[in-house]
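**Student:** I'd like to ask you about the structure that follows.
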Amino acid sequence: MNILILGGTGRVGSQIVTHALHDKHHITVLVRTPEKIQIIHENLTIIQGNVLNKDDIVRAMHGIDVVISALNTDGATTLSESMPFIIGAMEIEGVQRIITVGTAGILQSRITPNLLRYQSSESKQKSVRAAEEHNKVYGMLKQSKLEWTIVCPTYLPDGERLGKYRIDRNFLPEGGIKISVSDTAEFTFSQINSSDYIKTRVGIAY
């Protein structure tokens, strides 16, 4: 497949790039700082650009089959500002499938199921700013015609890939408190070949 990876220099995104190259896919990464990509590979195309620039997104989207976004909030509004450009470029190019890495804060609360976790007492996060950004993206994807999946990890330490974890639709697995970057990257990447969680948020934890 031809896969566009956004956020490819981040903790999760860089591991998704490695998985995709290992599986012999053709990868395009859109990055502000190409030097941060330490890999040289015949199947890797690096485009210098910014997700907040509509033209850069359109340029990166040519010939793409699947989009994986592991963008983080950058402490700002990067997520909610870039998603309309991403959705628009996908519609122009006829790309249907997008898999994004969100946060467990935008899953439904088990304590108060009509609220999201970050809106309820279930979340221990002091700041809700990142969750609000991810929630805006969730709203945009819901309103789109795309085949989206949002992978929603809870606390994300570095650590080895265990390859064993629990997943749940729209909720965090009961009692789940963490999931490694490696396992999150593996599960996110695996969704390119799966239709199990189309138009669904997926909670992931040990």
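Here, A, B, ... name the chains of the structure tokens in the order displayed, residue numbers run from 1 inside each chain, and ligands are numbered from 1 in the same displayed order.
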Do you know which residues are at most 8 Å from segment 184-188 of chain A counting only C-alpha atoms, after dropping those on the same chain fewer than 4 positions away, and could you put them as a PDB file with all heavy atoms, in the first residue's frame?
**Tutor:**
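Final output, out.pdb:
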ATOM      1  N   VAL A  12       5.068   7.475  18.896  1.00  0.00           N
ATOM      2  CA  VAL A  12       4.273   6.410  18.278  1.00  0.00           C
ATOM      3  C   VAL A  12       4.487   6.395  16.764  1.00  0.00           C
ATOM      4  O   VAL A  12       4.709   5.348  16.161  1.00  0.00           O
ATOM      5  CB  VAL A  12       2.775   6.576  18.610  1.00  0.00           C
ATOM      6  CG1 VAL A  12       1.942   5.504  17.904  1.00  0.00           C
ATOM      7  CG2 VAL A  12       2.541   6.498  20.123  1.00  0.00           C
ATOM      8  N   GLY A  13       4.473   7.556  16.160  1.00  0.00           N
ATOM      9  CA  GLY A  13       4.568   7.654  14.704  1.00  0.00           C
ATOM     10  C   GLY A  13       5.843   7.065  14.137  1.00  0.00           C
ATOM     11  O   GLY A  13       5.823   6.395  13.097  1.00  0.00           O
ATOM     12  N   GLN A  15       7.585   4.642  15.297  1.00  0.00           N
ATOM     13  CA  GLN A  15       7.511   3.172  15.320  1.00  0.00           C
ATOM     14  C   GLN A  15       6.541   2.643  14.258  1.00  0.00           C
ATOM     15  O   GLN A  15       6.748   1.556  13.707  1.00  0.00           O
ATOM     16  CB  GLN A  15       7.121   2.680  16.716  1.00  0.00           C
ATOM     17  CG  GLN A  15       8.201   2.983  17.748  1.00  0.00           C
ATOM     18  CD  GLN A  15       8.108   2.089  18.971  1.00  0.00           C
ATOM     19  OE1 GLN A  15       7.592   0.970  18.921  1.00  0.00           O
ATOM     20  NE2 GLN A  15       8.617   2.575  20.084  1.00  0.00           N
ATOM     21  N   ILE A  16       5.502   3.420  13.953  1.00  0.00           N
ATOM     22  CA  ILE A  16       4.587   3.020  12.868  1.00  0.00           C
ATOM     23  C   ILE A  16       5.333   3.029  11.534  1.00  0.00           C
ATOM     24  O   ILE A  16       5.162   2.126  10.704  1.00  0.00           O
ATOM     25  CB  ILE A  16       3.344   3.947  12.828  1.00  0.00           C
ATOM     26  CG1 ILE A  16       2.487   3.739  14.085  1.00  0.00           C
ATOM     27  CG2 ILE A  16       2.519   3.683  11.568  1.00  0.00           C
ATOM     28  CD1 ILE A  16       1.351   4.741  14.238  1.00  0.00           C
ATOM     29  N   HIS A  19       7.311  -0.195  11.349  1.00  0.00           N
ATOM     30  CA  HIS A  19       6.434  -1.336  11.047  1.00  0.00           C
ATOM     31  C   HIS A  19       6.080  -1.366   9.559  1.00  0.00           C
ATOM     32  O   HIS A  19       6.127  -2.420   8.922  1.00  0.00           O
ATOM     33  CB  HIS A  19       5.128  -1.236  11.845  1.00  0.00           C
ATOM     34  CG  HIS A  19       5.223  -1.711  13.252  1.00  0.00           C
ATOM     35  ND1 HIS A  19       5.530  -3.018  13.596  1.00  0.00           N
ATOM     36  CD2 HIS A  19       5.034  -1.060  14.430  1.00  0.00           C
ATOM     37  CE1 HIS A  19       5.536  -3.151  14.910  1.00  0.00           C
ATOM     38  NE2 HIS A  19       5.238  -1.973  15.439  1.00  0.00           N
ATOM     39  N   ILE A  99      -6.611   6.245   9.982  1.00  0.00           N
ATOM     40  CA  ILE A  99      -6.459   5.709  11.337  1.00  0.00           C
ATOM     41  C   ILE A  99      -5.698   6.761  12.132  1.00  0.00           C
ATOM     42  O   ILE A  99      -4.626   7.208  11.696  1.00  0.00           O
ATOM     43  CB  ILE A  99      -5.679   4.377  11.325  1.00  0.00           C
ATOM     44  CG1 ILE A  99      -6.396   3.353  10.442  1.00  0.00           C
ATOM     45  CG2 ILE A  99      -5.501   3.836  12.739  1.00  0.00           C
ATOM     46  CD1 ILE A  99      -5.478   2.536   9.588  1.00  0.00           C
ATOM     47  N   THR A 100      -6.246   7.200  13.248  1.00  0.00           N
ATOM     48  CA  THR A 100      -5.571   8.219  14.046  1.00  0.00           C
ATOM     49  C   THR A 100      -5.314   7.697  15.456  1.00  0.00           C
ATOM     50  O   THR A 100      -6.005   6.803  15.939  1.00  0.00           O
ATOM     51  CB  THR A 100      -6.386   9.530  14.141  1.00  0.00           C
ATOM     52  OG1 THR A 100      -7.507   9.338  15.004  1.00  0.00           O
ATOM     53  CG2 THR A 100      -6.883   9.979  12.775  1.00  0.00           C
ATOM     54  N   VAL A 101      -4.304   8.282  16.091  1.00  0.00           N
ATOM     55  CA  VAL A 101      -4.024   7.982  17.494  1.00  0.00           C
ATOM     56  C   VAL A 101      -4.604   9.120  18.318  1.00  0.00           C
ATOM     57  O   VAL A 101      -4.205  10.282  18.181  1.00  0.00           O
ATOM     58  CB  VAL A 101      -2.506   7.846  17.749  1.00  0.00           C
ATOM     59  CG1 VAL A 101      -2.248   7.545  19.219  1.00  0.00           C
ATOM     60  CG2 VAL A 101      -1.914   6.754  16.867  1.00  0.00           C
ATOM     61  N   VAL A 151      -7.607   5.165  17.552  1.00  0.00           N
ATOM     62  CA  VAL A 151      -7.008   4.318  18.583  1.00  0.00           C
ATOM     63  C   VAL A 151      -6.758   5.196  19.804  1.00  0.00           C
ATOM     64  O   VAL A 151      -6.104   6.240  19.705  1.00  0.00           O
ATOM     65  CB  VAL A 151      -5.681   3.704  18.078  1.00  0.00           C
ATOM     66  CG1 VAL A 151      -5.040   2.842  19.156  1.00  0.00           C
ATOM     67  CG2 VAL A 151      -5.937   2.879  16.813  1.00  0.00           C
ATOM     68  N   PRO A 153      -5.195   5.193  23.319  1.00  0.00           N
ATOM     69  CA  PRO A 153      -4.402   4.632  24.403  1.00  0.00           C
ATOM     70  C   PRO A 153      -4.556   5.440  25.685  1.00  0.00           C
ATOM     71  O   PRO A 153      -4.803   6.646  25.645  1.00  0.00           O
ATOM     72  CB  PRO A 153      -2.969   4.740  23.872  1.00  0.00           C
ATOM     73  CG  PRO A 153      -2.997   5.927  22.958  1.00  0.00           C
ATOM     74  CD  PRO A 153      -4.381   5.942  22.353  1.00  0.00           C
ATOM     75  N   GLY A 163       2.882  -7.371  22.764  1.00  0.00           N
ATOM     76  CA  GLY A 163       2.048  -8.049  21.780  1.00  0.00           C
ATOM     77  C   GLY A 163       0.769  -8.624  22.360  1.00  0.00           C
ATOM     78  O   GLY A 163      -0.011  -9.266  21.667  1.00  0.00           O
ATOM     79  N   ILE A 179      -0.449   1.411  28.480  1.00  0.00           N
ATOM     80  CA  ILE A 179      -0.153   0.633  27.282  1.00  0.00           C
ATOM     81  C   ILE A 179       1.119   1.228  26.703  1.00  0.00           C
ATOM     82  O   ILE A 179       1.253   2.446  26.638  1.00  0.00           O
ATOM     83  CB  ILE A 179      -1.324   0.681  26.256  1.00  0.00           C
ATOM     84  CG1 ILE A 179      -0.993  -0.091  24.956  1.00  0.00           C
ATOM     85  CG2 ILE A 179      -1.719   2.101  25.894  1.00  0.00           C
ATOM     86  CD1 ILE A 179      -1.111  -1.572  25.080  1.00  0.00           C
ATOM     87  N   SER A 180       2.078   0.410  26.311  1.00  0.00           N
ATOM     88  CA  SER A 180       3.351   0.964  25.848  1.00  0.00           C
ATOM     89  C   SER A 180       3.210   1.621  24.479  1.00  0.00           C
ATOM     90  O   SER A 180       2.295   1.320  23.703  1.00  0.00           O
ATOM     91  CB  SER A 180       4.419  -0.122  25.780  1.00  0.00           C
ATOM     92  OG  SER A 180       4.184  -0.982  24.672  1.00  0.00           O
ATOM     93  N   ILE A 192      -4.580  -1.103   9.258  1.00  0.00           N
ATOM     94  CA  ILE A 192      -4.638  -0.859   7.808  1.00  0.00           C
ATOM     95  C   ILE A 192      -5.232  -2.064   7.078  1.00  0.00           C
ATOM     96  O   ILE A 192      -5.762  -1.929   5.985  1.00  0.00           O
ATOM     97  CB  ILE A 192      -3.262  -0.500   7.195  1.00  0.00           C
ATOM     98  CG1 ILE A 192      -2.293  -1.690   7.252  1.00  0.00           C
ATOM     99  CG2 ILE A 192      -2.669   0.743   7.840  1.00  0.00           C
ATOM    100  CD1 ILE A 192      -1.056  -1.511   6.390  1.00  0.00           C
ATOM    101  N   ILE A 204      -7.424   0.967  24.297  1.00  0.00           N
ATOM    102  CA  ILE A 204      -6.380  -0.053  24.330  1.00  0.00           C
ATOM    103  C   ILE A 204      -5.582   0.083  25.618  1.00  0.00           C
ATOM    104  O   ILE A 204      -5.189   1.183  26.005  1.00  0.00           O
ATOM    105  CB  ILE A 204      -5.485   0.059  23.062  1.00  0.00           C
ATOM    106  CG1 ILE A 204      -4.326  -0.949  23.091  1.00  0.00           C
ATOM    107  CG2 ILE A 204      -4.969   1.463  22.849  1.00  0.00           C
ATOM    108  CD1 ILE A 204      -3.554  -1.040  21.782  1.00  0.00           C
TER     109      ILE A 204
END
**Student:** Taking 3 positions as the minimum chain separation for residues in the same chain, which residues sit within 7 Å of Val51 of chain A when counting only C-alpha atoms? Answer as a PDB file with C-alpha atoms, in the first residue's frame.
**Tutor:**
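Wrote selection-v7.pdb, looks like this:
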ATOM      1  CA  ASP A  56       1.461  20.669   1.862  1.00  0.00           C
ATOM      2  CA  ILE A  57      -1.254  18.184   2.888  1.00  0.00           C
ATOM      3  CA  SER A  82      -4.979  20.365  10.536  1.00  0.00           C
TER       4      SER A  82
END
**Student:** Per DSSP on the backbone, what are the alpha helix (DSSP H) residues of chain A, as a PyMOL selection string?
**Tutor:** chain A and resi 11-22+54-61+78-93+129-143+181-190
**Student:** Of the residues A:Glu174, A:Tyr165, A:Leu141, A:Leu156, which is the one nearest to Glu122 of chain A, using only C-alpha atoms?
**Tutor:**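 Using only C-alpha atoms, the shortest distance to Glu122 of chain A belongs to A:Glu174.
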**Student:** List the neighbours of Thr200 of chain A out to 10 Å using only C-alpha atoms; skip same-chain residues closer than 5 positions along the sequence, and give me the result as a PDB file with N, CA and C atoms, in the first residue's frame.
**Tutor:**
ATOM      1  N   TYR A 138     -12.352  14.053  16.751  1.00  0.00           N
ATOM      2  CA  TYR A 138     -13.368  12.986  16.764  1.00  0.00           C
ATOM      3  C   TYR A 138     -14.667  13.500  16.147  1.00  0.00           C
ATOM      4  N   LYS A 142     -16.377  12.056  12.716  1.00  0.00           N
ATOM      5  CA  LYS A 142     -17.754  11.529  12.775  1.00  0.00           C
ATOM      6  C   LYS A 142     -18.628  12.150  11.689  1.00  0.00           C
ATOM      7  N   GLU A 147     -13.768   6.388   6.283  1.00  0.00           N
ATOM      8  CA  GLU A 147     -13.711   5.161   7.094  1.00  0.00           C
ATOM      9  C   GLU A 147     -12.613   5.362   8.137  1.00  0.00           C
ATOM     10  N   TRP A 148     -13.002   5.933   9.272  1.00  0.00           N
ATOM     11  CA  TRP A 148     -12.022   6.317  10.285  1.00  0.00           C
ATOM     12  C   TRP A 148     -12.005   5.333  11.455  1.00  0.00           C
ATOM     13  N   THR A 149     -10.862   5.257  12.092  1.00  0.00           N
ATOM     14  CA  THR A 149     -10.697   4.536  13.358  1.00  0.00           C
ATOM     15  C   THR A 149      -9.823   5.415  14.237  1.00  0.00           C
ATOM     16  N   ILE A 150     -10.234   5.620  15.489  1.00  0.00           N
ATOM     17  CA  ILE A 150      -9.390   6.364  16.432  1.00  0.00           C
ATOM     18  C   ILE A 150      -8.919   5.398  17.510  1.00  0.00           C
ATOM     19  N   VAL A 151      -7.607   5.165  17.552  1.00  0.00           N
ATOM     20  CA  VAL A 151      -7.008   4.318  18.583  1.00  0.00           C
ATOM     21  C   VAL A 151      -6.758   5.196  19.804  1.00  0.00           C
ATOM     22  N   ARG A 169     -14.372  -1.475  22.294  1.00  0.00           N
ATOM     23  CA  ARG A 169     -15.014  -0.454  21.475  1.00  0.00           C
ATOM     24  C   ARG A 169     -15.545   0.675  22.335  1.00  0.00           C
ATOM     25  N   ASN A 170     -15.118   1.889  22.037  1.00  0.00           N
ATOM     26  CA  ASN A 170     -15.673   3.119  22.634  1.00  0.00           C
ATOM     27  C   ASN A 170     -15.434   3.284  24.132  1.00  0.00           C
TER      28      ASN A 170
END
**Student:** Quick one: of A:Leu4, A:Asn43, A:Asn135, A:Leu52, who's nearest to Val29 of chain A, counting only C-alpha atoms?
**Tutor:** A:Leu4
**Student:** For Thr33 of chain A, list every protein, DNA or RNA residue within 9 Å, evaluated using only C-alpha atoms, and leave out those in the same chain fewer than 4 positions away; present the list as an mmCIF file with C-alpha atoms, in the first residue's frame.
**Tutor:**
data_model
loop_
_atom_site.group_PDB
_atom_site.id
_atom_site.type_symbol
_atom_site.label_atom_id
_atom_site.label_comp_id
_atom_site.auth_asym_id
_atom_site.auth_seq_id
_atom_site.Cartn_x
_atom_site.Cartn_y
_atom_site.Cartn_z
ATOM 1 C CA THR A 9 8.816 11.753 14.004
ATOM 2 C CA ILE A 37 13.888 11.007 10.207
ATOM 3 C CA GLN A 48 9.118 18.686 4.054
ATOM 4 C CA GLY A 49 6.020 20.592 5.038
#
**Student:** Restricting the calculation to only C-alpha atoms: of A:Arg166, A:Lys126, A:Arg59, A:Arg32, which residue gets closest to Gly203 of chain A?
**Tutor:**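 For Gly203 of chain A, the nearest of the given residues is A:Arg166.
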**Student:** Which is closest to Arg117 of chain A among A:Gly176, A:Ala60, A:Tyr197, A:Thr103, if we use only C-alpha atoms?
**Tutor:**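 Residue with the minimum atom-to-atom distance to Arg117 of chain A: A:Thr103.
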**Student:** Expressed in Å to a single decimal, how great is the separation between atom CA of Thr154 of chain A and atom CA of Gln125 of chain A?
**Tutor:**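 Computed distance, atom CA of Thr154 of chain A to atom CA of Gln125 of chain A, equals 10.9 Å.
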**Student:** Measure the distance from atom CA of Thr73 of chain A to atom CA of Gly7 of chain A in Å and round it to one decimal.
**Tutor:**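 If I compute the distance from atom CA of Thr73 of chain A to atom CA of Gly7 of chain A, I get 10.3 Å.
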**Student:** To one decimal place, how far is atom CA of Ile47 of chain A from atom CA of Leu30 of chain A in Å?
**Tutor:**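 We find that atom CA of Ile47 of chain A and atom CA of Leu30 of chain A lie 4.8 Å from each other.
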**Student:** Please identify all polymer residues within 10 Å of Lys24 of chain A, counting only C-alpha atoms, omitting same-chain residues fewer than 6 positions from it, and present them as an NGL selection string.
**Tutor:** :A and (1-2 or 18 or 42-44)
**Student:** What's the 10 Å shell around Ser144 of chain A, counting only C-alpha atoms, without same-chain residues fewer than 5 positions away, as a ChimeraX atom specification?
**Tutor:** /A:84,87-88,91,138-139,199
